[in-house]
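Peer 1: Below is a structure I'd like to ask you about.
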Amino acid sequence: MVEITETMTEYLSWLRQVGGNTSRCLALGFLVIVPLTLIGCPSGANKPVDMRPVTSPDASSSPAKSASDFDGQRAFEHVRKQVEFGPRPPGSAELEKTRGYLIDQLKSYGLKVMTDEFHPVTPVGDRKMVNVTAELPGESSDVIIISSHYDSKLVKQFKFLGANDGGASTGELLEIARVMAASKTKPKLTYWFVFFDGEESICFDWEECKNPNPADPSAKLPDNTYGSRRYVAQLTEKNELKRVRAMILFDLMGYKDLRLGRDDMSTSWLQDIVWQNAKQIGRGSIFVDAREGVGGDDHEPFLRAGIDSLDIIQLSTYPYWHTKEDTLDKVSAKSLKIVGDVVLTSLPKIEERLNKSSK
């Protein structure tokens, strides 16, 4: 910079001496000095270097103006960590490691963490399963649940990593919990961030196997949604079911080619708020007005119990569901960010609707 300043000073002195043809001199000087300036001050030379690894090809392609503090890269790193543990079916050592990771993260956010261990009968016998809940107290003791399953499917034929099916929604929920816990504004309602175990069936197909029902041998129990069915049963037993005003579920929503239709089982008013808000913040091309048939998920036990529930899921247009190709490269930090922004900016509207309906 010193050399450039001296050059400019000499040029201005010469310009005063020559007097006439000022325009030509200015043009000549511009041609001389600008290249020198570009050579002397390379773009970004004094900026700190970002040493973070580039872990997702589109991790930096989020909109310039974020709608929330949700960090898609953080969420993606949570997905990466789960995939590194390997397949995570219920009762496995890998799921135990995942659970420890979740609990450590949630506690680091300052949240109270509770676990519920249970041992359901499955087509392969007794399996240890553990639901995890983190609580964010609000002005009201009424509760909104935001949830995901954190197990991956038990597959014997190939190595199933479940990057999008279980991994993405779990990473999404962890980052949602972090953002909300860090907020200086206390939420209107209490939030439970719930990680369900045992959503996936033990048998490869959901309808392939059934479990015995001690209460009614003629009506066998399903081989799936173990954690969510247990959760609703516990709420009922503790007389806390009426506290839960709404339930939001994430599942299969991190695909790089994201397209989220309306699950045909979900509560319409919840769906309307989220989908309309998505349009308002410029995400109407992702949250589309098309039918998404799921046929049951962790929101189903809550719906049966009378709790308004919403499933945010991409099943029909995700080509790698329950295949060995459900790997980390299918998940996008940008997609995680989009869903995080839409949901976080929808929550005040959901709270407002619930507060009005309680009066």
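Order determines the names: the first chain of the structure tokens is A, the second B, and so forth; residues in each chain are numbered 1 upward, and ligands are numbered 1 upward as they are shown.
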Write down as a ChimeraX atom specification the residues belonging to region 157-222 of chain A that are assigned strand (DSSP E) by DSSP computed on the backbone.
Peer 2: /A:189-196,210-211,221-222
Peer 1: Mind running region 90-192 of chain A against region 74-86 of chain A at 6 Å and telling me each contacting residue's nearest atom pair with the distance in Å (one decimal), counting only C-alpha atoms, chain and number ascending, as CSV?
Peer 2:
```
residue,atom,partner,partner_atom,distance
A:Glu94,CA,A:Phe85,CA,5.6
A:Leu161,CA,A:Gly86,CA,5.9
A:Gly167,CA,A:Val79,CA,5.1
A:Ala168,CA,A:Val79,CA,5.6
A:Gly171,CA,A:Ala75,CA,4.8
A:Glu172,CA,A:Ala75,CA,5.5
A:Glu175,CA,A:Ala75,CA,5.6
```
Peer 1: Please produce a file of those selected residues containing N, CA, C and O atoms, as an mmCIF file, in the first residue's frame.
Peer 2:
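Dumped to result.cif:
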```cif
data_model
loop_
_atom_site.group_PDB
_atom_site.id
_atom_site.type_symbol
_atom_site.label_atom_id
_atom_site.label_comp_id
_atom_site.auth_asym_id
_atom_site.auth_seq_id
_atom_site.Cartn_x
_atom_site.Cartn_y
_atom_site.Cartn_z
ATOM 1 N N GLU A 94 -24.196 -49.509 18.528
ATOM 2 C CA GLU A 94 -24.116 -48.271 17.744
ATOM 3 C C GLU A 94 -25.219 -47.291 18.140
ATOM 4 O O GLU A 94 -24.986 -46.084 18.195
ATOM 5 N N LEU A 161 -27.256 -47.630 6.450
ATOM 6 C CA LEU A 161 -26.761 -46.534 7.278
ATOM 7 C C LEU A 161 -27.852 -45.546 7.683
ATOM 8 O O LEU A 161 -27.677 -44.805 8.650
ATOM 9 N N GLY A 167 -31.230 -40.463 10.341
ATOM 10 C CA GLY A 167 -30.096 -39.578 10.600
ATOM 11 C C GLY A 167 -30.412 -38.113 10.380
ATOM 12 O O GLY A 167 -30.105 -37.263 11.222
ATOM 13 N N ALA A 168 -31.040 -37.782 9.243
ATOM 14 C CA ALA A 168 -31.321 -36.380 8.910
ATOM 15 C C ALA A 168 -32.306 -35.756 9.889
ATOM 16 O O ALA A 168 -32.106 -34.635 10.373
ATOM 17 N N GLY A 171 -30.605 -35.138 13.251
ATOM 18 C CA GLY A 171 -29.752 -33.954 13.195
ATOM 19 C C GLY A 171 -30.564 -32.683 13.167
ATOM 20 O O GLY A 171 -30.205 -31.677 13.789
ATOM 21 N N GLU A 172 -31.681 -32.706 12.437
ATOM 22 C CA GLU A 172 -32.592 -31.568 12.368
ATOM 23 C C GLU A 172 -33.122 -31.211 13.757
ATOM 24 O O GLU A 172 -33.135 -30.046 14.160
ATOM 25 N N GLU A 175 -30.551 -29.575 16.124
ATOM 26 C CA GLU A 175 -30.284 -28.160 15.824
ATOM 27 C C GLU A 175 -31.478 -27.282 16.186
ATOM 28 O O GLU A 175 -31.296 -26.154 16.671
#
```
Peer 1: State, in Å with one decimal place, the distance from CA of Val121 (chain A) to CA of Pro87 (chain A).
Peer 2: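 If I compute the distance from CA of Val121 (chain A) to CA of Pro87 (chain A), I get 21.2 Å.
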Peer 1: Tell me, which residues of region 97-187 of chain A carry DSSP helix (DSSP H, G or I), written as a short mmCIF file (atom, residue, chain, number, x, y, z; two decimals) with N, CA and C atoms, in the first residue's frame?
Peer 2:
```
data_model
loop_
_atom_site.label_atom_id
_atom_site.label_comp_id
_atom_site.auth_asym_id
_atom_site.auth_seq_id
_atom_site.Cartn_x
_atom_site.Cartn_y
_atom_site.Cartn_z
N LYS A 97 -24.27 -45.67 21.42
CA LYS A 97 -23.33 -44.57 21.21
C LYS A 97 -24.07 -43.32 20.70
N THR A 98 -25.00 -43.54 19.79
CA THR A 98 -25.79 -42.42 19.26
C THR A 98 -26.57 -41.75 20.38
N ARG A 99 -27.18 -42.56 21.23
CA ARG A 99 -27.97 -42.02 22.34
C ARG A 99 -27.08 -41.19 23.28
N GLY A 100 -25.89 -41.68 23.57
CA GLY A 100 -24.97 -40.91 24.41
C GLY A 100 -24.61 -39.58 23.78
N TYR A 101 -24.42 -39.60 22.46
CA TYR A 101 -24.11 -38.37 21.73
C TYR A 101 -25.27 -37.38 21.81
N LEU A 102 -26.48 -37.86 21.61
CA LEU A 102 -27.67 -36.99 21.70
C LEU A 102 -27.78 -36.36 23.08
N ILE A 103 -27.64 -37.17 24.09
CA ILE A 103 -27.80 -36.67 25.46
C ILE A 103 -26.74 -35.62 25.78
N ASP A 104 -25.50 -35.88 25.37
CA ASP A 104 -24.42 -34.92 25.62
C ASP A 104 -24.71 -33.59 24.92
N GLN A 105 -25.17 -33.65 23.68
CA GLN A 105 -25.48 -32.44 22.94
C GLN A 105 -26.61 -31.67 23.61
N LEU A 106 -27.67 -32.35 23.96
CA LEU A 106 -28.84 -31.70 24.55
C LEU A 106 -28.50 -31.06 25.90
N LYS A 107 -27.70 -31.73 26.69
CA LYS A 107 -27.29 -31.16 27.98
C LYS A 107 -26.40 -29.94 27.78
N SER A 108 -25.59 -29.96 26.73
CA SER A 108 -24.72 -28.80 26.46
C SER A 108 -25.53 -27.57 26.07
N ALA A 163 -28.90 -42.62 6.50
CA ALA A 163 -28.47 -41.23 6.60
C ALA A 163 -29.66 -40.28 6.58
N ASN A 164 -30.59 -40.52 5.65
CA ASN A 164 -31.78 -39.69 5.57
C ASN A 164 -32.90 -40.24 6.45
N ASP A 165 -33.01 -41.55 6.51
CA ASP A 165 -34.08 -42.19 7.26
C ASP A 165 -33.64 -42.43 8.71
N GLY A 166 -33.78 -41.41 9.48
CA GLY A 166 -33.39 -41.43 10.89
C GLY A 166 -32.28 -40.44 11.17
N GLY A 167 -31.23 -40.46 10.34
CA GLY A 167 -30.10 -39.58 10.60
C GLY A 167 -30.41 -38.11 10.38
N ALA A 168 -31.04 -37.78 9.24
CA ALA A 168 -31.32 -36.38 8.91
C ALA A 168 -32.31 -35.76 9.89
N SER A 169 -33.39 -36.47 10.20
CA SER A 169 -34.39 -35.91 11.10
C SER A 169 -33.86 -35.75 12.51
N THR A 170 -32.96 -36.65 12.92
CA THR A 170 -32.35 -36.53 14.25
C THR A 170 -31.42 -35.33 14.31
N GLY A 171 -30.61 -35.14 13.25
CA GLY A 171 -29.75 -33.95 13.19
C GLY A 171 -30.56 -32.68 13.17
N GLU A 172 -31.68 -32.71 12.44
CA GLU A 172 -32.59 -31.57 12.37
C GLU A 172 -33.12 -31.21 13.76
N LEU A 173 -33.56 -32.22 14.48
CA LEU A 173 -34.15 -31.99 15.80
C LEU A 173 -33.12 -31.47 16.80
N LEU A 174 -31.90 -31.98 16.73
CA LEU A 174 -30.85 -31.47 17.61
C LEU A 174 -30.60 -29.98 17.39
N GLU A 175 -30.55 -29.58 16.12
CA GLU A 175 -30.28 -28.16 15.82
C GLU A 175 -31.48 -27.28 16.19
N ILE A 176 -32.69 -27.78 15.98
CA ILE A 176 -33.89 -27.05 16.42
C ILE A 176 -33.81 -26.81 17.93
N ALA A 177 -33.45 -27.85 18.67
CA ALA A 177 -33.35 -27.74 20.13
C ALA A 177 -32.29 -26.72 20.53
N ARG A 178 -31.16 -26.72 19.84
CA ARG A 178 -30.08 -25.76 20.16
C ARG A 178 -30.54 -24.33 19.94
N VAL A 179 -31.16 -24.07 18.79
CA VAL A 179 -31.60 -22.71 18.44
C VAL A 179 -32.63 -22.22 19.45
N MET A 180 -33.59 -23.05 19.79
CA MET A 180 -34.64 -22.62 20.70
C MET A 180 -34.12 -22.44 22.12
N ALA A 181 -33.20 -23.30 22.53
CA ALA A 181 -32.62 -23.16 23.87
C ALA A 181 -31.77 -21.91 24.00
N ALA A 182 -31.17 -21.48 22.88
CA ALA A 182 -30.31 -20.29 22.90
C ALA A 182 -31.09 -18.99 22.80
#
```
Peer 1: Would you kindly return, as a ChimeraX atom specification, each protein, DNA or RNA residue with an atom no farther than 8 Å from any atom of region 141-151 of chain A, considering only C-alpha atoms and excluding same-chain residues fewer than 4 positions away?
Peer 2: /A:88-90,95,137,166-167,169-170,173,189-200,243-251,298
Peer 1: Take the residues from that selection and put them in a file with N, CA, C and O atoms, as a tab-separated table (two decimals), in the first residue's frame.
Peer 2:
```
chain	number	residue	atom	x	y	z
A	88	ARG	N	-27.76	-48.42	13.13
A	88	ARG	CA	-28.16	-48.14	14.50
A	88	ARG	C	-29.53	-48.72	14.83
A	88	ARG	O	-30.44	-48.01	15.26
A	89	PRO	N	-29.70	-50.03	14.64
A	89	PRO	CA	-31.00	-50.63	14.97
A	89	PRO	C	-31.20	-50.68	16.48
A	89	PRO	O	-30.23	-50.60	17.26
A	90	PRO	N	-32.44	-50.82	16.93
A	90	PRO	CA	-32.72	-50.87	18.37
A	90	PRO	C	-31.92	-51.97	19.08
A	90	PRO	O	-31.78	-53.08	18.55
A	95	LEU	N	-26.41	-47.81	18.44
A	95	LEU	CA	-27.49	-46.92	18.87
A	95	LEU	C	-27.22	-46.41	20.28
A	95	LEU	O	-27.58	-45.28	20.62
A	137	PRO	N	-38.67	-25.27	29.14
A	137	PRO	CA	-39.86	-24.72	29.81
A	137	PRO	C	-40.35	-23.45	29.13
A	137	PRO	O	-39.56	-22.64	28.64
A	166	GLY	N	-33.78	-41.41	9.48
A	166	GLY	CA	-33.39	-41.43	10.89
A	166	GLY	C	-32.28	-40.44	11.17
A	166	GLY	O	-32.37	-39.66	12.11
A	167	GLY	N	-31.23	-40.46	10.34
A	167	GLY	CA	-30.10	-39.58	10.60
A	167	GLY	C	-30.41	-38.11	10.38
A	167	GLY	O	-30.11	-37.26	11.22
A	169	SER	N	-33.39	-36.47	10.20
A	169	SER	CA	-34.39	-35.91	11.10
A	169	SER	C	-33.86	-35.75	12.51
A	169	SER	O	-34.22	-34.80	13.22
A	170	THR	N	-32.96	-36.65	12.92
A	170	THR	CA	-32.35	-36.53	14.25
A	170	THR	C	-31.42	-35.33	14.31
A	170	THR	O	-31.41	-34.57	15.29
A	173	LEU	N	-33.56	-32.22	14.48
A	173	LEU	CA	-34.15	-31.99	15.80
A	173	LEU	C	-33.12	-31.47	16.80
A	173	LEU	O	-33.43	-30.59	17.62
A	189	LEU	N	-45.31	-21.73	25.10
A	189	LEU	CA	-45.61	-23.06	25.60
A	189	LEU	C	-44.31	-23.81	25.91
A	189	LEU	O	-43.24	-23.43	25.43
A	190	THR	N	-44.42	-24.84	26.70
A	190	THR	CA	-43.28	-25.71	26.98
A	190	THR	C	-43.04	-26.61	25.77
A	190	THR	O	-43.98	-27.07	25.13
A	191	TYR	N	-41.75	-26.86	25.46
A	191	TYR	CA	-41.41	-27.72	24.33
A	191	TYR	C	-40.70	-28.97	24.83
A	191	TYR	O	-39.81	-28.91	25.68
A	192	TRP	N	-41.11	-30.11	24.28
A	192	TRP	CA	-40.40	-31.37	24.49
A	192	TRP	C	-39.80	-31.79	23.16
A	192	TRP	O	-40.52	-31.93	22.16
A	193	PHE	N	-38.48	-31.95	23.14
A	193	PHE	CA	-37.79	-32.47	21.97
A	193	PHE	C	-37.62	-33.96	22.20
A	193	PHE	O	-36.85	-34.38	23.08
A	194	VAL	N	-38.34	-34.76	21.43
A	194	VAL	CA	-38.46	-36.19	21.72
A	194	VAL	C	-37.80	-37.01	20.61
A	194	VAL	O	-38.10	-36.83	19.42
A	195	PHE	N	-36.92	-37.90	21.02
A	195	PHE	CA	-36.23	-38.82	20.11
A	195	PHE	C	-36.75	-40.23	20.39
A	195	PHE	O	-36.48	-40.82	21.42
A	196	PHE	N	-37.53	-40.75	19.44
A	196	PHE	CA	-38.16	-42.06	19.60
A	196	PHE	C	-37.21	-43.18	19.19
A	196	PHE	O	-36.55	-43.10	18.15
A	197	ASP	N	-37.20	-44.23	19.98
A	197	ASP	CA	-36.52	-45.47	19.60
A	197	ASP	C	-37.55	-46.39	18.95
A	197	ASP	O	-38.76	-46.25	19.16
A	198	GLY	N	-37.08	-47.32	18.14
A	198	GLY	CA	-37.93	-48.38	17.64
A	198	GLY	C	-39.03	-47.96	16.67
A	198	GLY	O	-40.08	-48.60	16.63
A	199	GLU	N	-38.80	-46.91	15.88
A	199	GLU	CA	-39.82	-46.56	14.88
A	199	GLU	C	-39.83	-47.60	13.76
A	199	GLU	O	-40.90	-47.98	13.26
A	200	GLU	N	-38.66	-48.04	13.37
A	200	GLU	CA	-38.57	-49.00	12.29
A	200	GLU	C	-39.01	-50.39	12.74
A	200	GLU	O	-38.82	-50.78	13.89
A	243	ARG	N	-51.89	-32.35	28.44
A	243	ARG	CA	-50.90	-31.28	28.39
A	243	ARG	C	-50.37	-31.07	26.98
A	243	ARG	O	-49.96	-29.96	26.62
A	244	VAL	N	-50.32	-32.12	26.19
A	244	VAL	CA	-49.73	-32.06	24.86
A	244	VAL	C	-50.74	-31.50	23.88
A	244	VAL	O	-51.75	-32.14	23.55
A	245	ARG	N	-50.48	-30.31	23.38
A	245	ARG	CA	-51.42	-29.60	22.51
A	245	ARG	C	-51.17	-29.87	21.03
A	245	ARG	O	-52.07	-29.76	20.20
A	246	ALA	N	-49.94	-30.20	20.69
A	246	ALA	CA	-49.61	-30.46	19.28
A	246	ALA	C	-48.31	-31.24	19.22
A	246	ALA	O	-47.48	-31.20	20.13
A	247	MET	N	-48.16	-31.97	18.11
A	247	MET	CA	-46.96	-32.79	17.91
A	247	MET	C	-46.48	-32.62	16.47
A	247	MET	O	-47.27	-32.71	15.52
A	248	ILE	N	-45.19	-32.32	16.30
A	248	ILE	CA	-44.57	-32.19	14.98
A	248	ILE	C	-43.50	-33.26	14.86
A	248	ILE	O	-42.66	-33.43	15.74
A	249	LEU	N	-43.54	-33.99	13.76
A	249	LEU	CA	-42.60	-35.10	13.53
A	249	LEU	C	-41.76	-34.84	12.28
A	249	LEU	O	-42.29	-34.45	11.23
A	250	PHE	N	-40.45	-35.05	12.41
A	250	PHE	CA	-39.54	-35.03	11.26
A	250	PHE	C	-39.20	-36.46	10.88
A	250	PHE	O	-38.91	-37.29	11.74
A	251	ASP	N	-39.20	-36.75	9.59
A	251	ASP	CA	-38.79	-38.07	9.11
A	251	ASP	C	-38.48	-37.97	7.63
A	251	ASP	O	-39.28	-37.43	6.86
A	298	ASP	N	-44.58	-42.21	13.39
A	298	ASP	CA	-44.61	-41.97	14.83
A	298	ASP	C	-45.68	-40.98	15.26
A	298	ASP	O	-45.94	-40.83	16.46
```
Peer 1: Just how far from CA of Glu352 (chain A) is CA of Ser68 (chain A), in Å to one decimal?
Peer 2: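 Value for the CA of Ser68 (chain A)-CA of Glu352 (chain A) distance: 18.5 Å.
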Peer 1: What separation in Å, quoted to one decimal, exists between CA of Ala278 (chain A) and CA of Ser335 (chain A)?
Peer 2: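 Distance reported for this atom pair: 13.1 Å.
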Peer 1: Using only C-alpha atoms, which residues sit within 10 Å of Phe302 (chain A) once same-chain residues fewer than 2 positions away are excluded, as an MDAnalysis selection string?
Peer 2: chainID A and resid 228:229 231:233 241 244 246:247 297:300 304:310
Peer 1: Could you check the closest approach to Arg127 (chain A) for each of A:Ile202, A:Leu303, A:Leu328, A:Leu347 and tell me which residue wins, using only C-alpha atoms?
Peer 2: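 Once distances to Arg127 (chain A) are computed over only C-alpha atoms, the minimum belongs to A:Ile202.
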Peer 1: Taking only C-alpha atoms into account, name the residue in A:Glu96, A:Asp69, A:Glu135, A:Glu117 that is nearest to Tyr226 (chain A).
Peer 2: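 The closest residue to Tyr226 (chain A) is A:Glu117.
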Peer 1: Which neighbours of Thr115 (chain A) fall inside 7 Å, counting only C-alpha atoms, when residues of the same chain fewer than 3 positions from it are skipped, and could you give them as a PyMOL selection string?
Peer 2: chain A and resi 130-133
Peer 1: Taking only C-alpha atoms into account, name the residue in A:Lys112, A:Lys159, A:Lys128, A:Arg353 that is nearest to Thr323 (chain A).
Peer 2: A:Lys159
Peer 1: Got a sec: who's within 10 Å of Trp275 (chain A), counting only C-alpha atoms, leaving out chain neighbours fewer than 6 positions off, as a PyMOL selection string?
Peer 2: chain A and resi 260-262+269+283-284+286-289+342-343+346
Peer 1: Could you name the residues that touch Asp264 (chain A) at 10 Å or less, counting only C-alpha atoms, but leaving out those on the same chain fewer than 3 positions away, as a PDB file with N, CA and C atoms, in the first residue's frame?
Peer 2:
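This went into out_34.pdb:
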```pdb
ATOM      1  N   GLY A 261     -44.506 -33.017   0.280  1.00  0.00           N
ATOM      2  CA  GLY A 261     -45.944 -32.966   0.077  1.00  0.00           C
ATOM      3  C   GLY A 261     -46.668 -33.039   1.411  1.00  0.00           C
ATOM      4  N   THR A 267     -52.852 -33.508  10.819  1.00  0.00           N
ATOM      5  CA  THR A 267     -53.908 -32.549  11.156  1.00  0.00           C
ATOM      6  C   THR A 267     -53.834 -31.360  10.206  1.00  0.00           C
ATOM      7  N   SER A 268     -54.955 -31.015   9.592  1.00  0.00           N
ATOM      8  CA  SER A 268     -54.956 -30.036   8.500  1.00  0.00           C
ATOM      9  C   SER A 268     -54.556 -28.631   8.949  1.00  0.00           C
ATOM     10  N   GLN A 271     -50.829 -28.388   9.291  1.00  0.00           N
ATOM     11  CA  GLN A 271     -50.260 -28.444   7.949  1.00  0.00           C
ATOM     12  C   GLN A 271     -50.437 -27.111   7.223  1.00  0.00           C
ATOM     13  N   ALA A 290     -49.154 -31.092  -2.673  1.00  0.00           N
ATOM     14  CA  ALA A 290     -49.347 -32.399  -3.288  1.00  0.00           C
ATOM     15  C   ALA A 290     -49.513 -33.430  -2.177  1.00  0.00           C
ATOM     16  N   ARG A 291     -50.191 -34.500  -2.468  1.00  0.00           N
ATOM     17  CA  ARG A 291     -50.454 -35.526  -1.467  1.00  0.00           C
ATOM     18  C   ARG A 291     -49.204 -36.355  -1.210  1.00  0.00           C
ATOM     19  N   GLU A 292     -48.947 -36.634   0.060  1.00  0.00           N
ATOM     20  CA  GLU A 292     -47.874 -37.546   0.471  1.00  0.00           C
ATOM     21  C   GLU A 292     -48.502 -38.659   1.306  1.00  0.00           C
ATOM     22  N   GLY A 293     -48.531 -39.856   0.762  1.00  0.00           N
ATOM     23  CA  GLY A 293     -49.109 -40.982   1.494  1.00  0.00           C
ATOM     24  C   GLY A 293     -48.039 -41.713   2.287  1.00  0.00           C
ATOM     25  N   VAL A 294     -48.180 -41.727   3.604  1.00  0.00           N
ATOM     26  CA  VAL A 294     -47.180 -42.346   4.469  1.00  0.00           C
ATOM     27  C   VAL A 294     -47.659 -43.704   4.971  1.00  0.00           C
ATOM     28  N   GLY A 295     -48.929 -43.784   5.333  1.00  0.00           N
ATOM     29  CA  GLY A 295     -49.474 -45.043   5.810  1.00  0.00           C
ATOM     30  C   GLY A 295     -49.094 -45.384   7.235  1.00  0.00           C
ATOM     31  N   GLY A 296     -48.733 -44.382   8.013  1.00  0.00           N
ATOM     32  CA  GLY A 296     -48.399 -44.608   9.420  1.00  0.00           C
ATOM     33  C   GLY A 296     -46.978 -44.187   9.718  1.00  0.00           C
ATOM     34  N   LEU A 310     -48.467 -33.449  13.069  1.00  0.00           N
ATOM     35  CA  LEU A 310     -47.996 -33.148  11.718  1.00  0.00           C
ATOM     36  C   LEU A 310     -46.732 -33.941  11.429  1.00  0.00           C
ATOM     37  N   ASP A 311     -46.724 -34.621  10.289  1.00  0.00           N
ATOM     38  CA  ASP A 311     -45.541 -35.349   9.835  1.00  0.00           C
ATOM     39  C   ASP A 311     -44.942 -34.614   8.645  1.00  0.00           C
TER      40      ASP A 311
END
```
